[in-house]
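Asker: PDB, C-alpha atoms and all ligand atoms, saved as my_file_35.pdb, coming up:
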```
MODEL        1
ATOM      1  CA  MET A   1     -18.338   5.031  24.052
ATOM      2  CA  ASN A   2     -16.455   7.095  21.497
ATOM      3  CA  SER A   3     -17.066  10.766  21.391
ATOM      4  CA  VAL A   4     -18.756  11.461  18.090
ATOM      5  CA  LEU A   5     -17.172  14.181  16.018
ATOM      6  CA  ASP A   6     -19.450  17.004  15.024
ATOM      7  CA  LEU A   7     -20.042  17.904  11.417
ATOM      8  CA  GLN A   8     -17.364  20.568  11.295
ATOM      9  CA  GLU A   9     -14.716  18.328  12.842
ATOM     10  CA  MET A  10     -15.504  15.508  10.450
ATOM     11  CA  LYS A  11     -15.471  17.906   7.508
ATOM     12  CA  ASN A  12     -12.058  19.052   8.595
ATOM     13  CA  ASN A  13     -10.827  15.449   8.824
ATOM     14  CA  LEU A  14     -12.177  14.807   5.346
ATOM     15  CA  ARG A  15     -10.427  17.872   3.972
ATOM     16  CA  LEU A  16      -7.094  16.763   5.460
ATOM     17  CA  LEU A  17      -7.596  13.219   4.185
ATOM     18  CA  ASN A  18      -8.472  14.442   0.696
ATOM     19  CA  GLU A  19      -5.243  16.433   0.693
ATOM     20  CA  ARG A  20      -3.301  13.271   1.522
ATOM     21  CA  ILE A  21      -5.116  11.324  -1.188
ATOM     22  CA  SER A  22      -4.611  13.955  -3.831
ATOM     23  CA  LEU A  23      -0.905  14.374  -2.987
ATOM     24  CA  ALA A  24      -0.396  10.626  -3.180
ATOM     25  CA  CYS A  25      -2.257  10.449  -6.488
ATOM     26  CA  SER A  26      -0.306  13.289  -8.058
ATOM     27  CA  SER A  27       2.999  11.800  -6.881
ATOM     28  CA  CYS A  28       2.338   8.747  -9.045
ATOM     29  CA  GLY A  29       0.267  10.256 -11.828
ATOM     30  CA  ARG A  30      -3.074   8.765 -10.860
ATOM     31  CA  SER A  31      -6.464  10.446 -10.785
ATOM     32  CA  VAL A  32      -8.233  10.837  -7.441
ATOM     33  CA  ASN A  33     -11.329   9.548  -9.234
ATOM     34  CA  ASP A  34      -9.685   6.139  -9.489
ATOM     35  CA  VAL A  35      -9.509   5.739  -5.710
ATOM     36  CA  THR A  36     -12.743   5.035  -3.851
ATOM     37  CA  LEU A  37     -12.812   6.069  -0.215
ATOM     38  CA  ILE A  38     -14.512   3.608   2.102
ATOM     39  CA  TRP A  39     -15.512   5.144   5.426
ATOM     40  CA  VAL A  40     -14.774   2.525   8.084
ATOM     41  CA  SER A  41     -17.369   3.218  10.751
ATOM     42  CA  LYS A  42     -16.763   0.172  12.950
ATOM     43  CA  PHE A  43     -17.146   0.912  16.670
ATOM     44  CA  HIS A  44     -18.642   4.302  15.886
ATOM     45  CA  PRO A  45     -22.358   4.842  16.503
ATOM     46  CA  GLN A  46     -25.145   5.515  14.026
ATOM     47  CA  GLU A  47     -24.829   9.196  14.776
ATOM     48  CA  ALA A  48     -21.304   9.202  13.317
ATOM     49  CA  VAL A  49     -22.574   7.419  10.202
ATOM     50  CA  ASP A  50     -25.296  10.033   9.818
ATOM     51  CA  THR A  51     -22.788  12.872  10.138
ATOM     52  CA  ALA A  52     -20.566  11.232   7.539
ATOM     53  CA  TYR A  53     -23.534  10.828   5.203
ATOM     54  CA  ALA A  54     -24.350  14.508   5.628
ATOM     55  CA  ILE A  55     -20.899  15.464   4.337
ATOM     56  CA  GLY A  56     -21.069  13.129   1.379
ATOM     57  CA  ALA A  57     -20.015   9.641   2.509
ATOM     58  CA  ARG A  58     -21.785   6.878   0.574
ATOM     59  CA  GLU A  59     -19.417   3.901   0.901
ATOM     60  CA  PHE A  60     -19.169   2.515   4.436
ATOM     61  CA  GLY A  61     -17.051  -0.335   5.795
ATOM     62  CA  GLU A  62     -17.838  -2.503   8.796
ATOM     63  CA  ASN A  63     -15.775  -5.290  10.284
ATOM     64  CA  ARG A  64     -18.498  -7.325  11.903
ATOM     65  CA  VAL A  65     -21.702  -8.494  10.295
ATOM     66  CA  GLN A  66     -23.846  -7.879  13.369
ATOM     67  CA  GLU A  67     -22.701  -4.278  13.634
ATOM     68  CA  ALA A  68     -23.305  -3.806   9.911
ATOM     69  CA  ILE A  69     -26.865  -5.094  10.300
ATOM     70  CA  GLU A  70     -27.483  -2.679  13.148
ATOM     71  CA  LYS A  71     -26.294   0.338  11.206
ATOM     72  CA  PHE A  72     -27.021  -0.512   7.585
ATOM     73  CA  SER A  73     -30.006  -2.828   7.287
ATOM     74  CA  GLN A  74     -32.223   0.243   6.829
ATOM     75  CA  LYS A  75     -29.704   2.180   4.793
ATOM     76  CA  LYS A  76     -30.605   4.679   2.099
ATOM     77  CA  ASP A  77     -30.605   3.477  -1.515
ATOM     78  CA  ASP A  78     -27.456   5.392  -2.399
ATOM     79  CA  VAL A  79     -25.381   3.923   0.441
ATOM     80  CA  ARG A  80     -23.184   0.874  -0.110
ATOM     81  CA  CYS A  81     -22.149  -1.373   2.752
ATOM     82  CA  HIS A  82     -18.754  -3.078   2.606
ATOM     83  CA  ILE A  83     -17.963  -5.966   4.936
ATOM     84  CA  ILE A  84     -14.210  -5.821   5.478
ATOM     85  CA  GLY A  85     -13.641  -8.297   8.309
ATOM     86  CA  PRO A  86     -13.592 -12.098   8.239
ATOM     87  CA  VAL A  87     -17.078 -13.615   8.095
ATOM     88  CA  GLN A  88     -17.755 -16.821  10.004
ATOM     89  CA  SER A  89     -19.720 -19.451   8.193
ATOM     90  CA  ASN A  90     -22.805 -18.928  10.342
ATOM     91  CA  LYS A  91     -22.828 -15.194   9.526
ATOM     92  CA  LEU A  92     -22.724 -15.537   5.757
ATOM     93  CA  LYS A  93     -26.477 -15.403   5.349
ATOM     94  CA  LYS A  94     -26.735 -12.096   7.205
ATOM     95  CA  ALA A  95     -23.675 -10.823   5.367
ATOM     96  CA  ALA A  96     -25.336 -11.551   2.023
ATOM     97  CA  LEU A  97     -28.374  -9.640   3.221
ATOM     98  CA  VAL A  98     -26.660  -6.460   4.379
ATOM     99  CA  ALA A  99     -23.580  -6.196   2.169
ATOM    100  CA  ASP A 100     -23.065  -4.787  -1.276
ATOM    101  CA  VAL A 101     -19.415  -5.820  -1.259
ATOM    102  CA  ILE A 102     -17.540  -8.360   0.870
ATOM    103  CA  HIS A 103     -13.770  -7.800   0.903
ATOM    104  CA  SER A 104     -12.664 -10.676   3.048
ATOM    105  CA  MET A 105     -13.441 -13.976   1.328
ATOM    106  CA  ASP A 106     -10.801 -16.679   1.490
ATOM    107  CA  SER A 107     -12.555 -20.040   1.273
ATOM    108  CA  LEU A 108     -14.273 -21.914  -1.526
ATOM    109  CA  GLU A 109     -16.800 -23.337   0.876
ATOM    110  CA  SER A 110     -17.812 -19.882   2.097
ATOM    111  CA  LEU A 111     -18.069 -18.595  -1.453
ATOM    112  CA  GLU A 112     -20.395 -21.417  -2.357
ATOM    113  CA  LYS A 113     -22.617 -20.696   0.622
ATOM    114  CA  LEU A 114     -22.559 -16.996  -0.079
ATOM    115  CA  ASN A 115     -23.622 -17.660  -3.652
ATOM    116  CA  ARG A 116     -26.553 -19.712  -2.435
ATOM    117  CA  TYR A 117     -27.706 -16.992  -0.025
ATOM    118  CA  SER A 118     -27.286 -14.284  -2.661
ATOM    119  CA  ALA A 119     -29.367 -16.339  -5.080
ATOM    120  CA  GLU A 120     -32.123 -16.645  -2.476
ATOM    121  CA  LEU A 121     -32.069 -12.861  -2.145
ATOM    122  CA  ASN A 122     -32.052 -12.406  -5.894
ATOM    123  CA  LYS A 123     -28.924 -10.316  -5.762
ATOM    124  CA  VAL A 124     -25.485 -10.435  -7.272
ATOM    125  CA  LEU A 125     -22.896  -9.732  -4.617
ATOM    126  CA  ASP A 126     -19.480  -8.198  -5.266
ATOM    127  CA  VAL A 127     -16.685 -10.101  -3.557
ATOM    128  CA  LEU A 128     -12.975  -9.584  -3.122
ATOM    129  CA  ILE A 129     -10.489 -12.273  -2.197
ATOM    130  CA  GLN A 130      -8.323 -11.462   0.811
ATOM    131  CA  VAL A 131      -4.637 -12.287   0.724
ATOM    132  CA  ASN A 132      -2.496 -12.165   3.849
ATOM    133  CA  THR A 133       0.304 -10.119   2.334
ATOM    134  CA  SER A 134       1.664  -9.095   5.724
ATOM    135  CA  GLU A 135       2.235 -12.748   6.621
ATOM    136  CA  GLU A 136       1.133 -12.039  10.185
ATOM    137  CA  ASP A 137      -0.554 -15.001  11.854
ATOM    138  CA  THR A 138      -3.266 -12.823  13.335
ATOM    139  CA  LYS A 139      -4.572 -11.829   9.916
ATOM    140  CA  SER A 140      -6.946 -13.867   7.845
ATOM    141  CA  GLY A 141      -6.741 -14.289   4.114
ATOM    142  CA  LEU A 142      -4.981 -16.667   1.781
ATOM    143  CA  GLN A 143      -1.301 -17.304   2.209
ATOM    144  CA  MET A 144       0.621 -15.557  -0.546
ATOM    145  CA  ALA A 145       2.043 -18.842  -1.766
ATOM    146  CA  ASP A 146      -1.458 -20.306  -2.159
ATOM    147  CA  ALA A 147      -3.195 -17.315  -3.705
ATOM    148  CA  LYS A 148      -2.558 -18.076  -7.352
ATOM    149  CA  ALA A 149      -3.771 -21.671  -7.182
ATOM    150  CA  PHE A 150      -6.817 -20.521  -5.244
ATOM    151  CA  LEU A 151      -7.766 -17.966  -7.901
ATOM    152  CA  GLU A 152      -7.300 -20.539 -10.637
ATOM    153  CA  SER A 153      -9.651 -22.873  -8.809
ATOM    154  CA  LEU A 154     -12.455 -20.335  -8.276
ATOM    155  CA  PRO A 155     -15.743 -21.599  -9.644
ATOM    156  CA  ALA A 156     -17.959 -19.266 -11.642
ATOM    157  CA  HIS A 157     -20.913 -18.532  -9.349
ATOM    158  CA  SER A 158     -24.062 -17.057 -10.848
ATOM    159  CA  HIS A 159     -24.740 -14.711  -7.918
ATOM    160  CA  LEU A 160     -21.215 -13.575  -7.095
ATOM    161  CA  ARG A 161     -19.030 -11.192  -9.015
ATOM    162  CA  TYR A 162     -15.298 -11.468  -8.365
ATOM    163  CA  ARG A 163     -14.165  -7.867  -8.189
ATOM    164  CA  GLY A 164     -10.530  -8.130  -7.117
ATOM    165  CA  LEU A 165      -8.229  -8.515  -4.152
ATOM    166  CA  MET A 166      -7.911  -7.150  -0.641
ATOM    167  CA  SER A 167      -5.100  -7.035   1.869
ATOM    168  CA  ILE A 168      -4.141  -5.393   5.144
ATOM    169  CA  GLY A 169      -0.744  -3.760   5.508
ATOM    170  CA  LYS A 170       1.821  -4.711   8.080
ATOM    171  CA  ASN A 171       1.093  -3.843  11.662
ATOM    172  CA  THR A 172       4.112  -1.569  12.142
ATOM    173  CA  ASP A 173       4.634   2.167  12.417
ATOM    174  CA  LEU A 174       6.304   2.263   9.030
ATOM    175  CA  ALA A 175       3.982   2.456   6.035
ATOM    176  CA  GLU A 176       6.871   1.442   3.800
ATOM    177  CA  ASP A 177       6.789  -1.985   5.424
ATOM    178  CA  SER A 178       3.505  -2.627   3.610
ATOM    179  CA  ARG A 179       4.748  -1.777   0.141
ATOM    180  CA  ALA A 180       6.021  -5.195  -0.897
ATOM    181  CA  GLY A 181       2.728  -6.828   0.066
ATOM    182  CA  PHE A 182       0.670  -4.243  -1.802
ATOM    183  CA  SER A 183       2.895  -4.616  -4.820
ATOM    184  CA  PHE A 184       2.403  -8.400  -4.704
ATOM    185  CA  LEU A 185      -1.361  -7.886  -4.632
ATOM    186  CA  ARG A 186      -1.267  -5.628  -7.641
ATOM    187  CA  ALA A 187       0.820  -8.064  -9.669
ATOM    188  CA  LEU A 188      -1.617 -10.842  -8.815
ATOM    189  CA  ARG A 189      -4.588  -8.714  -9.883
ATOM    190  CA  ASP A 190      -2.823  -7.833 -13.133
ATOM    191  CA  GLU A 191      -2.173 -11.478 -13.799
ATOM    192  CA  PHE A 192      -5.813 -12.472 -13.425
ATOM    193  CA  VAL A 193      -7.886  -9.524 -14.629
ATOM    194  CA  ASN A 194      -9.686 -10.469 -17.847
ATOM    195  CA  ARG A 195      -8.008 -13.877 -17.891
ATOM    196  CA  ASP A 196     -11.417 -15.423 -18.529
ATOM    197  CA  SER A 197     -15.061 -14.589 -17.888
ATOM    198  CA  ARG A 198     -14.718 -15.252 -14.142
ATOM    199  CA  PHE A 199     -12.301 -12.334 -13.957
ATOM    200  CA  SER A 200     -13.932  -9.856 -16.319
ATOM    201  CA  HIS A 201     -14.683  -7.496 -13.397
ATOM    202  CA  PHE A 202     -11.535  -8.274 -11.452
ATOM    203  CA  THR A 203     -10.219  -4.703 -11.316
ATOM    204  CA  GLU A 204     -10.249  -3.737  -7.662
ATOM    205  CA  LEU A 205      -7.404  -3.528  -5.177
ATOM    206  CA  SER A 206      -8.686  -2.843  -1.658
ATOM    207  CA  MET A 207      -5.614  -1.828   0.325
ATOM    208  CA  GLY A 208      -4.474   1.044   2.488
ATOM    209  CA  MET A 209      -5.806   2.397   5.778
ATOM    210  CA  THR A 210      -5.134   5.541   7.829
ATOM    211  CA  GLY A 211      -1.459   4.698   8.371
ATOM    212  CA  ASP A 212      -0.435   3.460   4.951
ATOM    213  CA  LEU A 213      -2.843   4.827   2.364
ATOM    214  CA  GLU A 214      -0.174   6.783   0.468
ATOM    215  CA  VAL A 215       1.889   3.666  -0.126
ATOM    216  CA  ALA A 216      -1.240   1.747  -1.117
ATOM    217  CA  ILE A 217      -2.249   4.422  -3.631
ATOM    218  CA  GLU A 218       1.254   4.441  -5.096
ATOM    219  CA  GLU A 219       0.983   0.674  -5.502
ATOM    220  CA  GLY A 220      -2.365   0.941  -7.269
ATOM    221  CA  ALA A 221      -5.123   0.811  -4.636
ATOM    222  CA  THR A 222      -8.576   1.403  -6.116
ATOM    223  CA  MET A 223     -10.301   1.280  -2.730
ATOM    224  CA  ILE A 224      -8.839   2.573   0.517
ATOM    225  CA  ARG A 225     -10.481   1.697   3.827
ATOM    226  CA  VAL A 226     -10.163   4.576   6.271
ATOM    227  CA  GLY A 227     -11.495   4.789   9.808
ATOM    228  CA  THR A 228      -9.360   6.757  12.243
ATOM    229  CA  ALA A 229      -8.472   9.655   9.932
ATOM    230  CA  LEU A 230     -12.192  10.331   9.390
ATOM    231  CA  PHE A 231     -14.026   9.326  12.559
ATOM    232  CA  GLY A 232     -11.272   9.744  15.157
ATOM    233  CA  SER A 233      -9.914   7.019  17.381
ATOM    234  CA  ARG A 234     -11.896   3.938  18.349
ATOM    235  CA  GLN A 235     -12.474   2.613  21.840
ATOM    236  CA  TYR A 236     -12.823  -1.161  21.963
TER
HETATM  237  C1  LIG B   1     -10.419  -1.066  11.055
HETATM  238  C2  LIG B   1     -10.055  -1.413   9.674
HETATM  239  C3  LIG B   1      -9.690  -0.425   8.748
HETATM  240  C4  LIG B   1      -9.552   1.051   9.096
HETATM  241  O1  LIG B   1      -8.431   1.260   9.885
HETATM  242  P1  LIG B   1      -7.907   2.735  10.271
HETATM  243  O2  LIG B   1      -6.498   2.521  10.647
HETATM  244  O3  LIG B   1      -8.738   3.203  11.408
HETATM  245  O4  LIG B   1      -8.065   3.607   9.072
HETATM  246  C5  LIG B   1      -9.418  -0.838   7.445
HETATM  247  N1  LIG B   1      -9.498  -2.128   7.075
HETATM  248  C6  LIG B   1      -9.850  -3.098   7.936
HETATM  249  C7  LIG B   1      -9.923  -4.505   7.464
HETATM  250  C8  LIG B   1     -10.137  -2.780   9.258
HETATM  251  O5  LIG B   1     -10.467  -3.763  10.110
ENDMDL
END
```
Could you quickly redo this structure as structure tokens?
Answerer:
Amino acid sequence: MNSVLDLQEMKNNLRLLNERISLACSSCGRSVNDVTLIWVSKFHPQEAVDTAYAIGAREFGENRVQEAIEKFSQKKDDVRCHIIGPVQSNKLKKAALVADVIHSMDSLESLEKLNRYSAELNKVLDVLIQVNTSEEDTKSGLQMADAKAFLESLPAHSHLRYRGLMSIGKNTDLAEDSRAGFSFLRALRDEFVNRDSRFSHFTELSMGMTGDLEVAIEEGATMIRVGTALFGSRQY
């Protein structure tokens, strides 16, 4: 089990993180208000989520649907749950139930199912399309070469709102290694936003984590997904 940070420790982490975010924003002339912080609470217990809520966290990210259900099915009205990991076909129904935003969609078949489940729940779900900009085999998401054709082929679904794109940086110690992929993602978003009614809300770029958030912000991230810098290290 992870040791849960107390309120003061988490506050301190948040202060340090906010300094990083605001430095990165000022270095490229962006406003901190244009970058939404998603608190990635995966592998941390409910207690950690409650502490985060107490210091102002409202956007939470979870990798696995089951863990999201455990922590967020009874969430407060002002909390939003983001599913940021790949969702297997048999988990889509539960994902539609618990999530406000799903960042990791990469198949037409899954989108169609998700639309059906969202319709049954009478909700409109925000979705992002994941692109494997790091070109690492272990990562899910569309291949970069296929991404454009995939976006062109997206059907308009009544109960899904396409909000933008997501990617994970390269798994190296150098944040700079992720820049080209993030830049690709931004160009793709720019190409599609407002192209037609399917893309009228296609503004988001979910990219950047603890190790590479500065580079992601410089490349235009509108959502950063941060776990370690807020909650401490995870034990798997
Ligand atoms: C775990 C995870 C994060 C957070 O990673 P940290 O390095 O702990 O900030 C962000 N995005 C995804 C998709 C993750 O799985």
Asker: Quick one: residues within 7 Å of (-10.1, -11.3, -11.5) (file frame), counting only C-alpha atoms, please, as a PyMOL selection string.
Answerer: chain A and resi 162-164+189+192-194+198-203
Asker: If you count all atoms listed in the file, which residues fall within 12 Å of Val226 (chain A), apart from same-chain ones fewer than 3 positions away, as a PyMOL selection string?
Answerer: chain A and resi 13-14+17-18+21+36-42+57+59-62+84+168+206-214+216+223+229-233
Asker: For the PyMOL selection byres (((chain A and resi 122) around 12) and not hetatm), applied here, can you spell out every residue it catches as number ranges by chain?
Answerer: A: 96-97, 115-121, 123-125, 158-160
Asker: Kindly indicate which residue among A:Ser167, A:Thr222, A:Gln235, A:Asn90 lies nearest to Ser134 (chain A), using all atoms listed in the file for the distances.
Answerer: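 Smallest separation from Ser134 (chain A) among the options: A:Ser167.
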Asker: Taking (-25.6, 5.9, -0.1) as a centre in this file's frame and 12 Å as the limit, can you find every polymer residue with an atom that close, using all atoms listed in the file, and give them as a ChimeraX atom specification?
Answerer: /A:38-39,49-50,52-60,72,74-82,100
Asker: Where does the PyMOL selection byres (((chain A and resi 187) around 12) and not hetatm) land in this file, that is, which residues does it pick, as a PyMOL selection string?
Answerer: chain A and resi 144+147-148+164-165+180-186+188-193+203+205+219-221
Asker: I need the residues from that last selection saved to file as a short mmCIF file (atom, residue, chain, number, x, y, z; two decimals), keeping the file's coordinate frame (with C-alpha atoms), if you can.
Answerer:
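Done, and the output landed in selection_13.cif:
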```
data_model
loop_
_atom_site.label_atom_id
_atom_site.label_comp_id
_atom_site.auth_asym_id
_atom_site.auth_seq_id
_atom_site.Cartn_x
_atom_site.Cartn_y
_atom_site.Cartn_z
CA MET A 144 0.62 -15.56 -0.55
CA ALA A 147 -3.20 -17.32 -3.70
CA LYS A 148 -2.56 -18.08 -7.35
CA GLY A 164 -10.53 -8.13 -7.12
CA LEU A 165 -8.23 -8.52 -4.15
CA ALA A 180 6.02 -5.20 -0.90
CA GLY A 181 2.73 -6.83 0.07
CA PHE A 182 0.67 -4.24 -1.80
CA SER A 183 2.90 -4.62 -4.82
CA PHE A 184 2.40 -8.40 -4.70
CA LEU A 185 -1.36 -7.89 -4.63
CA ARG A 186 -1.27 -5.63 -7.64
CA LEU A 188 -1.62 -10.84 -8.82
CA ARG A 189 -4.59 -8.71 -9.88
CA ASP A 190 -2.82 -7.83 -13.13
CA GLU A 191 -2.17 -11.48 -13.80
CA PHE A 192 -5.81 -12.47 -13.42
CA VAL A 193 -7.89 -9.52 -14.63
CA THR A 203 -10.22 -4.70 -11.32
CA LEU A 205 -7.40 -3.53 -5.18
CA GLU A 219 0.98 0.67 -5.50
CA GLY A 220 -2.37 0.94 -7.27
CA ALA A 221 -5.12 0.81 -4.64
#
```
Asker: Box for ligand LIG 1 (chain B): with edges along x, y and z, all listed atoms inside and 5 Å added on each side, what are the centre and edge lengths in Å to one decimal, as lines of an AutoDock Vina configuration file?
Answerer:
```
center_x = -8.5
center_y = -0.4
center_z = 9.2
size_x = 14.0
size_y = 18.1
size_z = 14.3
```
Asker: With all atoms listed in the file as the atoms that count, which of A:Arg64, A:Lys93, A:Arg15, A:Lys170 lies nearest to Asn132 (chain A)?
Answerer: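 Distance minimum relative to Asn132 (chain A) lands on A:Lys170.
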Asker: Quick one: pull the distance between CA of Arg195 (chain A) and CA of Leu151 (chain A), Å, one decimal.
Answerer: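 If I compute the distance from CA of Arg195 (chain A) to CA of Leu151 (chain A), I get 10.8 Å.
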Asker: Name the closest residue to Ser26 (chain A) among the candidates A:Phe150, A:Asp137, A:Val4, A:Glu218; distances are taken between atoms, counting all atoms listed in the file.
Answerer: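 Smallest separation from Ser26 (chain A) among the options: A:Glu218.
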Asker: Pick out the closest residue to Gln46 (chain A) from this set: A:Ala156, A:Val101, A:Cys25, A:Leu5. Count only C-alpha atoms.
Answerer: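 Selected residue with least distance to Gln46 (chain A): A:Leu5.
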Asker: Could you work out how far CA of Lys91 (chain A) lies from CA of His44 (chain A), giving the answer in Å with one decimal?
Answerer: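 Interatomic distance here is 20.9 Å.
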Asker: Measuring atom to atom with all atoms listed in the file, identify which of A:Val131, A:Leu114, A:Ile83, A:Leu174 is nearest to ligand LIG 1 (chain B).
Answerer: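 Checking each candidate against ligand LIG 1 (chain B), we get A:Ile83 as the closest.
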